[in-house]
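Raw structure.pdb, PDB, C-alpha atoms:
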ATOM      1  CA  MET L  54      14.368   7.340 -21.110
ATOM      2  CA  ALA L  55      17.599   7.822 -23.036
ATOM      3  CA  ARG L  56      19.135   4.730 -24.575
ATOM      4  CA  PHE L  57      22.467   5.410 -22.826
ATOM      5  CA  LYS L  58      23.289   7.076 -19.501
ATOM      6  CA  ARG L  59      26.851   8.213 -20.246
ATOM      7  CA  ILE L  60      28.321   8.699 -23.717
ATOM      8  CA  LEU L  61      31.606   9.619 -25.333
ATOM      9  CA  LEU L  62      30.755  11.654 -28.431
ATOM     10  CA  LYS L  63      33.518  11.676 -31.056
ATOM     11  CA  LEU L  64      33.170  14.544 -33.509
ATOM     12  CA  SER L  65      35.103  15.040 -36.721
ATOM     13  CA  GLY L  66      37.152  18.206 -36.955
ATOM     14  CA  GLU L  67      36.728  18.118 -40.722
ATOM     15  CA  SER L  68      32.937  18.206 -40.319
ATOM     16  CA  LEU L  69      33.297  21.548 -38.535
ATOM     17  CA  MET L  70      34.395  23.076 -41.829
ATOM     18  CA  GLY L  71      30.841  22.799 -43.115
ATOM     19  CA  LYS L  72      30.706  24.326 -46.588
ATOM     20  CA  GLN L  73      33.736  26.544 -46.035
ATOM     21  CA  GLY L  74      36.421  23.988 -46.877
ATOM     22  CA  TYR L  75      38.622  25.132 -44.003
ATOM     23  CA  GLY L  76      38.384  26.294 -40.408
ATOM     24  CA  ILE L  77      35.159  26.462 -38.412
ATOM     25  CA  ASP L  78      31.713  27.040 -39.897
ATOM     26  CA  PRO L  79      29.641  28.926 -37.252
ATOM     27  CA  GLU L  80      26.419  27.399 -38.577
ATOM     28  CA  ARG L  81      27.699  23.823 -38.257
ATOM     29  CA  LEU L  82      29.093  24.598 -34.798
ATOM     30  CA  SER L  83      25.738  25.998 -33.701
ATOM     31  CA  ASP L  84      23.930  22.910 -35.052
ATOM     32  CA  TYR L  85      26.201  20.660 -33.010
ATOM     33  CA  ALA L  86      25.699  22.740 -29.862
ATOM     34  CA  ARG L  87      21.905  22.594 -30.144
ATOM     35  CA  GLN L  88      21.957  18.826 -30.664
ATOM     36  CA  ILE L  89      24.224  18.331 -27.653
ATOM     37  CA  LYS L  90      21.966  20.569 -25.541
ATOM     38  CA  GLU L  91      18.941  18.491 -26.544
ATOM     39  CA  VAL L  92      20.586  15.290 -25.317
ATOM     40  CA  SER L  93      22.036  16.911 -22.190
ATOM     41  CA  GLU L  94      18.516  17.974 -21.202
ATOM     42  CA  MET L  95      17.530  14.291 -21.309
ATOM     43  CA  GLY L  96      19.870  13.750 -18.353
ATOM     44  CA  VAL L  97      22.607  12.078 -20.401
ATOM     45  CA  GLN L  98      26.172  12.516 -19.124
ATOM     46  CA  ILE L  99      28.307  13.657 -22.057
ATOM     47  CA  GLY L 100      32.030  13.582 -22.756
ATOM     48  CA  ILE L 101      33.243  14.864 -26.129
ATOM     49  CA  VAL L 102      36.406  14.443 -28.171
ATOM     50  CA  ILE L 103      36.720  16.514 -31.331
ATOM     51  CA  GLY L 104      39.376  16.111 -34.012
ATOM     52  CA  GLY L 105      41.527  18.851 -35.493
ATOM     53  CA  GLY L 106      41.540  17.924 -39.188
ATOM     54  CA  ASN L 107      39.867  21.174 -40.192
ATOM     55  CA  ILE L 108      42.995  23.010 -39.012
ATOM     56  CA  PHE L 109      45.970  20.632 -39.046
ATOM     57  CA  ARG L 110      46.693  16.903 -39.207
ATOM     58  CA  GLY L 111      49.949  15.741 -37.673
ATOM     59  CA  LEU L 112      50.326  12.714 -39.954
ATOM     60  CA  SER L 113      49.747  14.649 -43.168
ATOM     61  CA  GLY L 114      52.057  17.358 -41.848
ATOM     62  CA  SER L 115      54.861  14.839 -41.366
ATOM     63  CA  GLN L 116      54.414  13.741 -44.979
ATOM     64  CA  LYS L 117      55.088  17.334 -46.021
ATOM     65  CA  GLY L 118      58.322  17.650 -44.085
ATOM     66  CA  PHE L 119      57.223  18.435 -40.531
ATOM     67  CA  ASP L 120      58.868  16.509 -37.719
ATOM     68  CA  ARG L 121      56.244  13.905 -36.713
ATOM     69  CA  VAL L 122      56.314  14.746 -33.012
ATOM     70  CA  LYS L 123      56.000  18.479 -33.651
ATOM     71  CA  GLY L 124      53.318  17.812 -36.264
ATOM     72  CA  ASP L 125      51.297  15.775 -33.784
ATOM     73  CA  GLN L 126      51.722  18.498 -31.178
ATOM     74  CA  MET L 127      50.364  20.998 -33.709
ATOM     75  CA  GLY L 128      47.423  18.642 -34.249
ATOM     76  CA  MET L 129      46.818  18.556 -30.484
ATOM     77  CA  CYS L 130      46.690  22.357 -30.451
ATOM     78  CA  ALA L 131      44.168  22.230 -33.313
ATOM     79  CA  THR L 132      41.880  20.046 -31.184
ATOM     80  CA  VAL L 133      42.134  22.584 -28.363
ATOM     81  CA  ILE L 134      41.047  25.390 -30.730
ATOM     82  CA  ASN L 135      38.036  23.333 -31.841
ATOM     83  CA  SER L 136      37.204  22.416 -28.251
ATOM     84  CA  LEU L 137      37.221  26.070 -27.198
ATOM     85  CA  ALA L 138      34.953  26.917 -30.138
ATOM     86  CA  LEU L 139      32.506  24.163 -29.180
ATOM     87  CA  SER L 140      32.661  25.244 -25.535
ATOM     88  CA  SER L 141      31.754  28.788 -26.548
ATOM     89  CA  ALA L 142      28.871  27.557 -28.730
ATOM     90  CA  LEU L 143      27.532  25.380 -25.901
ATOM     91  CA  GLY L 144      27.770  28.287 -23.467
ATOM     92  CA  ALA L 145      25.824  30.463 -25.907
ATOM     93  CA  VAL L 146      22.865  28.038 -25.762
ATOM     94  CA  GLY L 147      23.017  27.701 -21.981
ATOM     95  CA  VAL L 148      24.905  24.412 -21.594
ATOM     96  CA  LYS L 149      27.446  24.432 -18.773
ATOM     97  CA  ASN L 150      30.648  22.766 -19.869
ATOM     98  CA  LYS L 151      34.324  22.289 -19.155
ATOM     99  CA  VAL L 152      37.283  22.024 -21.533
ATOM    100  CA  MET L 153      39.817  19.532 -20.199
ATOM    101  CA  THR L 154      43.275  19.169 -21.719
ATOM    102  CA  ALA L 155      45.640  16.206 -21.822
ATOM    103  CA  ILE L 156      48.556  18.651 -21.471
ATOM    104  CA  ARG L 157      48.681  21.334 -18.798
ATOM    105  CA  MET L 158      47.629  24.668 -20.291
ATOM    106  CA  GLU L 159      45.634  26.419 -17.596
ATOM    107  CA  PRO L 160      43.714  28.739 -17.847
ATOM    108  CA  ILE L 161      42.797  27.574 -21.372
ATOM    109  CA  GLY L 162      41.464  24.327 -19.970
ATOM    110  CA  GLU L 163      41.498  22.212 -16.833
ATOM    111  CA  PHE L 164      44.077  19.425 -16.709
ATOM    112  CA  TYR L 165      42.275  16.128 -17.403
ATOM    113  CA  THR L 166      41.881  13.354 -14.858
ATOM    114  CA  LYS L 167      39.293  10.601 -14.956
ATOM    115  CA  TRP L 168      37.884  11.465 -11.546
ATOM    116  CA  LYS L 169      37.508  15.192 -12.235
ATOM    117  CA  ALA L 170      35.772  14.382 -15.514
ATOM    118  CA  ILE L 171      33.299  11.927 -13.984
ATOM    119  CA  GLU L 172      32.548  14.291 -11.086
ATOM    120  CA  ALA L 173      31.867  17.144 -13.514
ATOM    121  CA  MET L 174      29.610  15.013 -15.731
ATOM    122  CA  GLU L 175      27.659  13.815 -12.694
ATOM    123  CA  GLN L 176      27.134  17.491 -11.822
ATOM    124  CA  GLY L 177      25.623  18.101 -15.255
ATOM    125  CA  TYR L 178      28.615  19.530 -17.092
ATOM    126  CA  VAL L 179      29.418  18.529 -20.650
ATOM    127  CA  CYS L 180      33.148  17.712 -20.639
ATOM    128  CA  ILE L 181      35.186  18.387 -23.773
ATOM    129  CA  PHE L 182      38.438  16.417 -23.806
ATOM    130  CA  SER L 183      41.122  18.110 -25.899
ATOM    131  CA  ALA L 184      44.783  17.646 -26.898
ATOM    132  CA  GLY L 185      44.283  13.973 -27.728
ATOM    133  CA  THR L 186      46.147  11.623 -25.407
ATOM    134  CA  GLY L 187      48.849  14.224 -24.840
ATOM    135  CA  SER L 188      51.380  12.032 -26.644
ATOM    136  CA  PRO L 189      52.471  11.924 -30.297
ATOM    137  CA  TYR L 190      51.760   8.995 -32.646
ATOM    138  CA  PHE L 191      48.177   8.666 -31.366
ATOM    139  CA  THR L 192      45.150   9.929 -33.274
ATOM    140  CA  THR L 193      42.024  11.524 -31.834
ATOM    141  CA  ASP L 194      40.316   8.195 -32.630
ATOM    142  CA  THR L 195      42.615   6.590 -30.075
ATOM    143  CA  GLY L 196      42.146   9.556 -27.765
ATOM    144  CA  SER L 197      38.380   9.111 -27.867
ATOM    145  CA  SER L 198      38.690   5.361 -27.256
ATOM    146  CA  LEU L 199      40.927   6.021 -24.258
ATOM    147  CA  ARG L 200      38.642   8.680 -22.795
ATOM    148  CA  GLY L 201      35.526   6.594 -23.414
ATOM    149  CA  ILE L 202      37.040   3.650 -21.561
ATOM    150  CA  GLU L 203      38.358   5.847 -18.743
ATOM    151  CA  ILE L 204      35.076   7.622 -18.046
ATOM    152  CA  GLU L 205      33.249   4.269 -18.192
ATOM    153  CA  ALA L 206      30.975   5.397 -21.022
ATOM    154  CA  ASP L 207      28.199   3.076 -22.134
ATOM    155  CA  VAL L 208      29.038   3.734 -25.779
ATOM    156  CA  MET L 209      31.162   5.827 -28.084
ATOM    157  CA  LEU L 210      28.979   7.731 -30.533
ATOM    158  CA  LYS L 211      31.037   8.465 -33.620
ATOM    159  CA  GLY L 212      29.411  11.387 -35.379
ATOM    160  CA  THR L 213      30.515  11.563 -39.000
ATOM    161  CA  ARG L 214      29.119  12.736 -42.333
ATOM    162  CA  VAL L 215      28.223   9.122 -43.252
ATOM    163  CA  ASP L 216      25.190   7.334 -41.779
ATOM    164  CA  GLY L 217      26.989   4.182 -40.672
ATOM    165  CA  VAL L 218      29.514   1.537 -41.643
ATOM    166  CA  TYR L 219      29.441   0.245 -45.219
ATOM    167  CA  THR L 220      31.111  -2.578 -47.132
ATOM    168  CA  ALA L 221      33.089   0.159 -48.922
ATOM    169  CA  ASP L 222      33.258   3.955 -48.955
ATOM    170  CA  PRO L 223      29.708   4.948 -50.019
ATOM    171  CA  GLU L 224      30.997   8.297 -51.296
ATOM    172  CA  LYS L 225      33.196   6.437 -53.792
ATOM    173  CA  ASP L 226      31.338   3.168 -54.386
ATOM    174  CA  PRO L 227      27.578   3.454 -55.107
ATOM    175  CA  THR L 228      27.198  -0.333 -54.706
ATOM    176  CA  ALA L 229      28.371  -0.251 -51.067
ATOM    177  CA  THR L 230      25.854  -1.681 -48.606
ATOM    178  CA  LYS L 231      25.311  -0.627 -45.002
ATOM    179  CA  PHE L 232      25.632  -2.770 -41.878
ATOM    180  CA  GLU L 233      23.091  -2.364 -39.066
ATOM    181  CA  ASP L 234      25.591  -3.974 -36.725
ATOM    182  CA  ILE L 235      29.016  -5.541 -37.112
ATOM    183  CA  THR L 236      31.615  -7.058 -34.796
ATOM    184  CA  TYR L 237      35.083  -5.641 -34.253
ATOM    185  CA  GLN L 238      36.538  -8.877 -35.599
ATOM    186  CA  GLU L 239      34.651  -8.451 -38.875
ATOM    187  CA  VAL L 240      35.703  -4.792 -39.136
ATOM    188  CA  LEU L 241      39.336  -5.900 -38.834
ATOM    189  CA  ALA L 242      38.921  -8.857 -41.211
ATOM    190  CA  ARG L 243      37.314  -6.661 -43.884
ATOM    191  CA  GLY L 244      39.779  -3.819 -43.366
ATOM    192  CA  LEU L 245      36.951  -1.311 -42.878
ATOM    193  CA  LYS L 246      38.005   2.223 -41.966
ATOM    194  CA  VAL L 247      35.748   2.760 -38.951
ATOM    195  CA  MET L 248      38.575   4.073 -36.777
ATOM    196  CA  ASP L 249      42.299   3.470 -36.706
ATOM    197  CA  LEU L 250      43.579   0.051 -35.688
ATOM    198  CA  THR L 251      44.757   1.078 -32.208
ATOM    199  CA  ALA L 252      41.361   2.597 -31.386
ATOM    200  CA  ILE L 253      39.456  -0.454 -32.666
ATOM    201  CA  CYS L 254      41.602  -2.858 -30.646
ATOM    202  CA  MET L 255      41.228  -0.759 -27.484
ATOM    203  CA  CYS L 256      37.437  -0.684 -27.802
ATOM    204  CA  ASN L 257      37.310  -4.405 -28.540
ATOM    205  CA  ASP L 258      39.567  -5.327 -25.619
ATOM    206  CA  ASN L 259      37.580  -3.155 -23.194
ATOM    207  CA  HIS L 260      34.094  -3.955 -24.573
ATOM    208  CA  LEU L 261      33.248  -0.368 -25.495
ATOM    209  CA  PRO L 262      30.728  -0.415 -28.377
ATOM    210  CA  ILE L 263      30.852   2.243 -31.107
ATOM    211  CA  TYR L 264      27.752   3.609 -32.782
ATOM    212  CA  VAL L 265      28.488   5.304 -36.113
ATOM    213  CA  PHE L 266      25.934   7.816 -37.411
ATOM    214  CA  ASN L 267      25.581  11.011 -39.417
ATOM    215  CA  MET L 268      25.934  13.918 -36.979
ATOM    216  CA  ASP L 269      25.572  16.506 -39.725
ATOM    217  CA  ILE L 270      21.817  15.896 -39.973
ATOM    218  CA  VAL L 271      20.242  18.005 -37.225
ATOM    219  CA  GLY L 272      18.255  15.877 -34.788
ATOM    220  CA  ASN L 273      20.167  12.655 -35.381
ATOM    221  CA  LEU L 274      21.942  12.691 -32.019
ATOM    222  CA  LYS L 275      18.611  12.660 -30.174
ATOM    223  CA  LYS L 276      17.310   9.941 -32.500
ATOM    224  CA  VAL L 277      20.249   7.760 -31.456
ATOM    225  CA  MET L 278      19.476   8.415 -27.792
ATOM    226  CA  ASP L 279      15.800   7.619 -28.425
ATOM    227  CA  GLY L 280      16.828   4.232 -29.792
ATOM    228  CA  GLU L 281      16.096   4.831 -33.473
ATOM    229  CA  GLN L 282      18.148   2.665 -35.838
ATOM    230  CA  ILE L 283      19.846   5.286 -38.004
ATOM    231  CA  GLY L 284      23.468   4.127 -37.942
ATOM    232  CA  THR L 285      25.685   1.096 -37.340
ATOM    233  CA  LEU L 286      26.589  -0.539 -34.014
ATOM    234  CA  VAL L 287      30.119  -1.954 -33.810
ATOM    235  CA  HIS L 288      30.536  -4.368 -30.908
ATOM    236  CA  SER L 289      32.629  -7.225 -29.481
TER     237      SER L 289
END

Would it be possible to restate this file's structure as structure tokens?
Amino acid sequence: MARFKRILLKLSGESLMGKQGYGIDPERLSDYARQIKEVSEMGVQIGIVIGGGNIFRGLSGSQKGFDRVKGDQMGMCATVINSLALSSALGAVGVKNKVMTAIRMEPIGEFYTKWKAIEAMEQGYVCIFSAGTGSPYFTTDTGSSLRGIEIEADVMLKGTRVDGVYTADPEKDPTATKFEDITYQEVLARGLKVMDLTAICMCNDNHLPIYVFNMDIVGNLKKVMDGEQIGTLVHS
């Protein structure tokens, strides 16, 4: 039995770059698709939000002179590109899926509603939620929190290149120590960069736990679903 029945999987757009440094690494994309297929075959209902940082970040764009609203809209389009790529990779390994967009852009994707998403997941489709919240000034962290709450997910699985939450950035501080579990209040008190503040507060207020783990190691997603302790649980 899988540890969770319905999940919201948050994937990093930057992780899609793999070793390339930019864009989409086909090998990394294929690894993700195979891991998602493995969990889907366990009967788990899966919703996915993927960032766009491998292509464009609205906030960093605004710091370079872009209008913030237009920059965020460009970032939303970047998430759609990544979602289409993941959809194609899932289709290639035999996983039926739907891309749903927060902004109308048929036939690229189906316009998102909670009820369409839940119906599709109950029918065995993996749903990929793109274009963030559809509004500027919100990150894909917040978008994933919103979608996770809306689809009544049991947990948000935050797949990153780090194997959990640490006292400091383990890539910069070798003395950083890992938490097996931590409360939202402690995350806020310590100023830990698990997700942005809006996303953390939304998850806390709506009792949606986050499990942070390293998605870049093939097989880790199934280990999480099997109940292995390989990451950090953030909870109310």

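Distances from L:Ser188, L:Gln73, L:Asn150, L:Gln98 to Glu205 of chain L were compared using only C-alpha atoms, and the smallest one belongs to L:Gln98.
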
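Proximity ranking of L:Gly212, L:Pro223, L:Gly177, L:Gly76 relative to Phe109 of chain L places L:Gly76 first, based on only C-alpha atoms.
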
**Study point:** Pairwise distance for atom CA of Leu137 of chain L and atom CA of Met248 of chain L, rounded to one decimal in Å
**Key:** 24.0 Å

Review point. So which residues get picked by the PyMOL selection byres ((chain L and resi 166) around 12) here, written as a ChimeraX atom specification?
Key: /L:152-157,163-165,167-173,180,182,186,199-200,203-204

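In this model, the gap between atom CA of Arg243 of chain L and atom CA of Asp222 of chain L comes to 12.4 Å.
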
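The gap separating atom CA of Ile202 of chain L from atom CA of Cys254 of chain L is 12.1 Å, in Å to one decimal.
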
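Counting all atoms listed in the file, the residue from L:Lys151, L:Ile134, L:Tyr219, L:Arg121 that sits nearest to Phe191 of chain L is L:Arg121.
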
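With only C-alpha atoms as the atoms that count, the residue of L:Ile103, L:Val271, L:Ile60, L:Ala131 with the shortest distance to Ile181 of chain L is L:Ile103.
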
Axis-aligned box for segment 78-89 of chain L, 3 Å per side, centre and edges in Å as lines of an AutoDock Vina configuration file:
center_x = 26.8
center_y = 23.6
center_z = -33.8
size_x = 15.8
size_y = 16.6
size_z = 18.2

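Of the residues under consideration (L:Met278, L:Ile161, L:Ile77, L:Ile253), L:Met278 shows the shortest atom-to-atom contact distance to Lys58 of chain L when counting all atoms listed in the file.
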
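Contact shell of Val265 of chain L at 6 Å (all atoms listed in the file; same-chain neighbours under 3 positions omitted): Lys211, Gly217, Gly284 and Thr285 of chain L.
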
Check your understanding: Can you list, as a VMD selection string, the residues that the PyMOL selection byres ((chain L and resi 54) around 12) selects here?
Key -> chain L and resid 55 to 58 92 94 to 97 275 277 to 280

Output for the residues just chosen: C-alpha atoms as a short mmCIF file (atom, residue, chain, number, x, y, z; two decimals), keeping the file's coordinate frame:
data_model
loop_
_atom_site.label_atom_id
_atom_site.label_comp_id
_atom_site.auth_asym_id
_atom_site.auth_seq_id
_atom_site.Cartn_x
_atom_site.Cartn_y
_atom_site.Cartn_z
CA ALA L 55 17.60 7.82 -23.04
CA ARG L 56 19.14 4.73 -24.58
CA PHE L 57 22.47 5.41 -22.83
CA LYS L 58 23.29 7.08 -19.50
CA VAL L 92 20.59 15.29 -25.32
CA GLU L 94 18.52 17.97 -21.20
CA MET L 95 17.53 14.29 -21.31
CA GLY L 96 19.87 13.75 -18.35
CA VAL L 97 22.61 12.08 -20.40
CA LYS L 275 18.61 12.66 -30.17
CA VAL L 277 20.25 7.76 -31.46
CA MET L 278 19.48 8.41 -27.79
CA ASP L 279 15.80 7.62 -28.42
CA GLY L 280 16.83 4.23 -29.79
#

Point to revise | Contacts of segment 257-263 of chain L within 6 Å, all atoms listed in the file, excl. fewer than 6 positions in-chain, as number ranges by chain | key: L: 208-210, 286-289

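The nearest approach to Gln282 of chain L among the residues L:Tyr237, L:Asn267, L:Asp84, L:Ser197, with all atoms listed in the file taken into account, belongs to L:Asn267.
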